[in-house]
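This report concerns only the one structure given below.
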Amino acid sequence: MSSRTVIRGGLVITASDEIHADVLIEDGRIVALAASNTPAAQAWTAERTIDATGKYVIPGGVDAHTHMELPFGGTFASDTFETGTRAAAWGGTTTIVDFAVQSVGHSLREGLDAWHAKAEGNCAIDYGFHMIVSDVNQETLKEMDLLVEEGVTSFKQFMAYPGVFYSDDGQILRAMQRSAENGGLIMMHAENGIAIDVLVEQALARGETDPRYHGEVRKALLEAEATHRAIRLAQVAGAPLYVVHVSATEAVAELARARDEGLNVFGETCPQYLFLSTDNLAEPDFEGAKYVCSTPLRPKEHQAALWRGLRTNDLQVVSTDHCPFCFEGQKELGRGDFSKIPNGLPGVENRMDLLHQAVVDGHISRRRWIEIACATPARMFGMYPKKGTIAPGADADIVVYDPHAEQVVSAATHHMNVDYSAYEGRRLTGRVETVLSRGRVVIDEREYTGHAGHGVYTPRSTCQYLN
Ligand SMILES: NC(=O)NCCC(=O)O
Ligand SMILES: [Zn+2]
Ligand SMILES: [Zn+2]
């Protein structure tokens, strides 16, 4: 038996349009939009009517960069797929793309199977996988073709973290050449990890052990240098490139130059680089550890370049790089040695609200908010128009958003499994009210009505954002 829901009276915002329209949903999909208060819309009947008068009706967020349960620095990211996807739903995100990990000496398949096992039956919202490639060899390269065919169409490589995820330039070039053939998209962690390790050793030898030195050794120039190198390697390979977690003005400049040259080079930044800075890393009593991530937070001056890049489309996507570690027992592993602080920040629940605040503050328009948080990540990673928009045929992943509600962000009220908030005490205008995932209401006027296992694996096509 079919089930119908209608959302009435809201302002429907997509990357391209803003219209006062009613939205009809049937069996998990959007079937029609019609201008509100018209006979066409009024004729619709449904089992459930959601009143969105005075609210925005937006596509569910697509967070293309999360790390649930990631093993890192001798511990694991503290959100499981269950807790992390539930928190995502609370924050208006209805799809995540997480990173399965290939360990050195193991196959891509083993890594991917392990991540499927962690996620399956546990997710509140839909999910897909990228693959972290840590060990480029002939077998890995062949496996990349198979993964693209089965819907894992993007691969992350690291120019940082020698001895863990690091690939050298030859390995990167080979993977890029392969992706040029099979349609995969290489996602690059662009920092010169070899040079950074020298600076880490020298800083520790000088007794510089506090969290703030994490930011000092991971220099903006070393992000820019790696970004430049990745761009040129991709150009040589004839492959597109997506640079993750861009934080430095100089790195944005490299992306802008490459894009001016017409290259298929894309950049992602994250809320932490837009809203936080080295001031947070310098907080006393080891509190700065809460803000240790890589690439690192930068001095405030870098934020203007990131906002500008988002407006000019030199940066296309805002993802969270959600990788939470509790302050107690996890971040504390690095007391006395900043290089032992597990890298990563929580944020999957905060992204849509922080970016709405950017709309309120005048950094971006409402449509650009939806473009960078929903539509472009869906296109970039081969899920559009199933995800990332409100249109007939799309999955009914929809958020009713109250643009006037006021909230104060706090660990006391958030739903992520982590004992602090990177945005503690921040006042935001706007709040998620109701969330539908494939037509099912999972947040109902700020009450969780979803369940683990509702979210399904979403195989992806290749990048839909190429020139
Ligand atoms: N970003 C970060 O600090 N941790 C997660 C791993 C990564 O994305 O590099
Ligand atoms: Zn990274
Ligand atoms: Zn990451």
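Residue numbering restarts at 1 for every chain of the structure tokens, chains are lettered A, B, ... in their displayed order, and ligands are numbered from 1 as they appear.
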
- Spatial neighbours of Glu181 in chain A, max dist 12 Å, only C-alpha atoms, sep filter under 5 positions, as a ChimeraX atom specification: /A:141-142,144-145,148,174-176,237-240,462

- Task: Please check which protein, DNA or RNA residues sit within 6 Å of ligand 1, counting only C-alpha atoms and all ligand atoms, and write them as number ranges by chain.
- Result: A: 293-294, 321, 323, 343-344

- Task: In Å, rounded to a single decimal, give me how far CA of Thr295 in chain A is from CA of Asn313 in chain A.
- Result: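 These atoms are spaced 20.5 Å apart.
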
- Query: Between CA of Ile96 in chain A and CA of Ser437 in chain A, what is the distance, to one decimal in Å?
  - Reply: 12.2 Å

Report as CSV: every residue of chain A with an atom at most 9 Å from ligand 2, its closest pair of atoms, and their distance in Å to one decimal, counting only C-alpha atoms and all ligand atoms, with rows sorted by chain and ascending residue number.
```
residue,atom,partner,partner_atom_place_in_ligand_line,distance
A:Lys156,CA,ligand 2,1 (Zn),8.2
A:Gln157,CA,ligand 2,1 (Zn),8.4
A:Phe158,CA,ligand 2,1 (Zn),6.8
A:Ala160,CA,ligand 2,1 (Zn),8.0
A:Met188,CA,ligand 2,1 (Zn),7.4
A:His189,CA,ligand 2,1 (Zn),4.5
A:Ala190,CA,ligand 2,1 (Zn),7.7
A:Glu191,CA,ligand 2,1 (Zn),8.9
A:Val244,CA,ligand 2,1 (Zn),6.5
A:His245,CA,ligand 2,1 (Zn),6.7
A:Cys293,CA,ligand 2,1 (Zn),8.7
A:Ser294,CA,ligand 2,1 (Zn),6.3
A:Thr295,CA,ligand 2,1 (Zn),6.9
A:Asp321,CA,ligand 2,1 (Zn),7.7
```

- Task: as a list in words, list the residues of range 105-159 of chain A assigned to helix (DSSP H, G or I) by DSSP on the backbone atoms of this structure.
- Result: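 Answer for range 105-159 of chain A restricted to helix (DSSP H, G or I) is Leu108, Arg109, Glu110, Gly111, Leu112, Asp113, Ala114, Trp115, His116, Ala117, Lys118, Ala119, Gln138, Glu139, Thr140, Leu141, Lys142, Glu143, Met144, Asp145, Leu146, Leu147, Val148 and Glu149 of chain A.
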
- Given the choices A:Gly455, A:Gly450, A:Pro385, A:Pro346, which gets closest to Ala77 in chain A if the distance is worked out from only C-alpha atoms?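 Comparing A:Gly455, A:Gly450, A:Pro385, A:Pro346 against Ala77 in chain A, the winner is A:Pro346.
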
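Taking only C-alpha atoms into account, Ile196 in chain A lies nearest to A:Ser339 out of the set A:Ser3, A:Asn280, A:Asn467, A:Ser339.
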
Got a sec: who's within 8 Å of Ile231 in chain A, counting only C-alpha atoms, leaving out chain neighbours fewer than 4 positions off, as a PDB file with C-alpha atoms, in the first residue's frame?
```
ATOM      1  CA  THR A 227      48.151  21.186  -3.112  1.00  0.00           C
ATOM      2  CA  GLN A 235      47.314  17.183 -14.653  1.00  0.00           C
ATOM      3  CA  LEU A 241      41.247  15.988  -8.384  1.00  0.00           C
ATOM      4  CA  LEU A 255      43.100  25.749  -6.634  1.00  0.00           C
ATOM      5  CA  ALA A 258      44.354  25.512 -11.630  1.00  0.00           C
ATOM      6  CA  VAL A 265      40.306  20.520  -9.806  1.00  0.00           C
TER       7      VAL A 265
END
```

- Near range 22-37 of chain A, counting only C-alpha atoms, which residues have an atom at most 12 Å away, once you skip same-chain residues fewer than 4 positions from it, shown as a VMD selection string? chain A and resid 1 to 13 18 41 to 53 55 to 59 385 to 387 389 to 400 436 to 441 454

- Item | Distance in Å - CA of Ala405 in chain A versus CA of Thr434 in chain A | 13.1 Å

- Message: For Tyr420 in chain A, find every residue with an atom within 10 Å (counting only C-alpha atoms), except residues of its own chain fewer than 2 positions away, and show them as a list in words.
- Response: Lys290, Pro324, Phe325, Cys326, Phe327, Glu328, Leu345, Pro346, Ser410, Ala411, Ala412, His414, Met416, Asn417, Val418, Ala422, Tyr423 and Glu424 of chain A

Pull C-alpha atoms from the residues just selected and write them as an mmCIF file, in the first residue's frame.
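Heads up, here's the output in result_15.cif:
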```
data_model
loop_
_atom_site.group_PDB
_atom_site.id
_atom_site.type_symbol
_atom_site.label_atom_id
_atom_site.label_comp_id
_atom_site.auth_asym_id
_atom_site.auth_seq_id
_atom_site.Cartn_x
_atom_site.Cartn_y
_atom_site.Cartn_z
ATOM 1 C CA LYS A 290 39.947 19.825 21.345
ATOM 2 C CA PRO A 324 35.393 13.045 17.015
ATOM 3 C CA PHE A 325 37.630 12.088 19.908
ATOM 4 C CA CYS A 326 36.608 12.676 23.515
ATOM 5 C CA PHE A 327 38.674 15.162 25.455
ATOM 6 C CA GLU A 328 38.851 12.764 28.382
ATOM 7 C CA LEU A 345 36.916 17.394 15.286
ATOM 8 C CA PRO A 346 33.235 16.626 15.790
ATOM 9 C CA SER A 410 26.456 22.856 23.505
ATOM 10 C CA ALA A 411 27.777 19.388 24.291
ATOM 11 C CA ALA A 412 25.043 19.254 26.932
ATOM 12 C CA HIS A 414 24.101 17.715 21.156
ATOM 13 C CA MET A 416 27.216 13.286 18.899
ATOM 14 C CA ASN A 417 29.015 10.769 21.093
ATOM 15 C CA VAL A 418 31.726 13.140 22.247
ATOM 16 C CA ALA A 422 33.956 22.657 19.178
ATOM 17 C CA TYR A 423 31.284 25.395 19.027
ATOM 18 C CA GLU A 424 30.308 25.448 22.727
#
```

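Among the candidates A:Pro211, A:Gly163, A:Gly347, A:Gly74, the one nearest to ligand 3 when counting only C-alpha atoms and all ligand atoms is A:Gly347.
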
Rows by chain and residue number, range 135-205 of chain A within 9 Å of range 373-384 of chain A, shortest pair, only C-alpha atoms, as a tab-separated table:
```
residue	atom	partner	partner_atom	distance
A:Gly151	CA	A:Gly382	CA	8.8
A:Thr153	CA	A:Phe381	CA	7.3
A:Ser154	CA	A:Phe381	CA	7.3
A:Leu185	CA	A:Phe381	CA	8.3
```

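Across A:Phe72, A:Trp307, A:Tyr448, A:Tyr273, the tightest approach to Tyr161 in chain A is made by A:Phe72 when counting only C-alpha atoms.
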
- Between A:Gln102, A:Thr140, A:Thr209, A:Thr83, single out the one closest to Ser179 in chain A, counting only C-alpha atoms.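 Smallest distance to Ser179 in chain A is found for A:Thr140.
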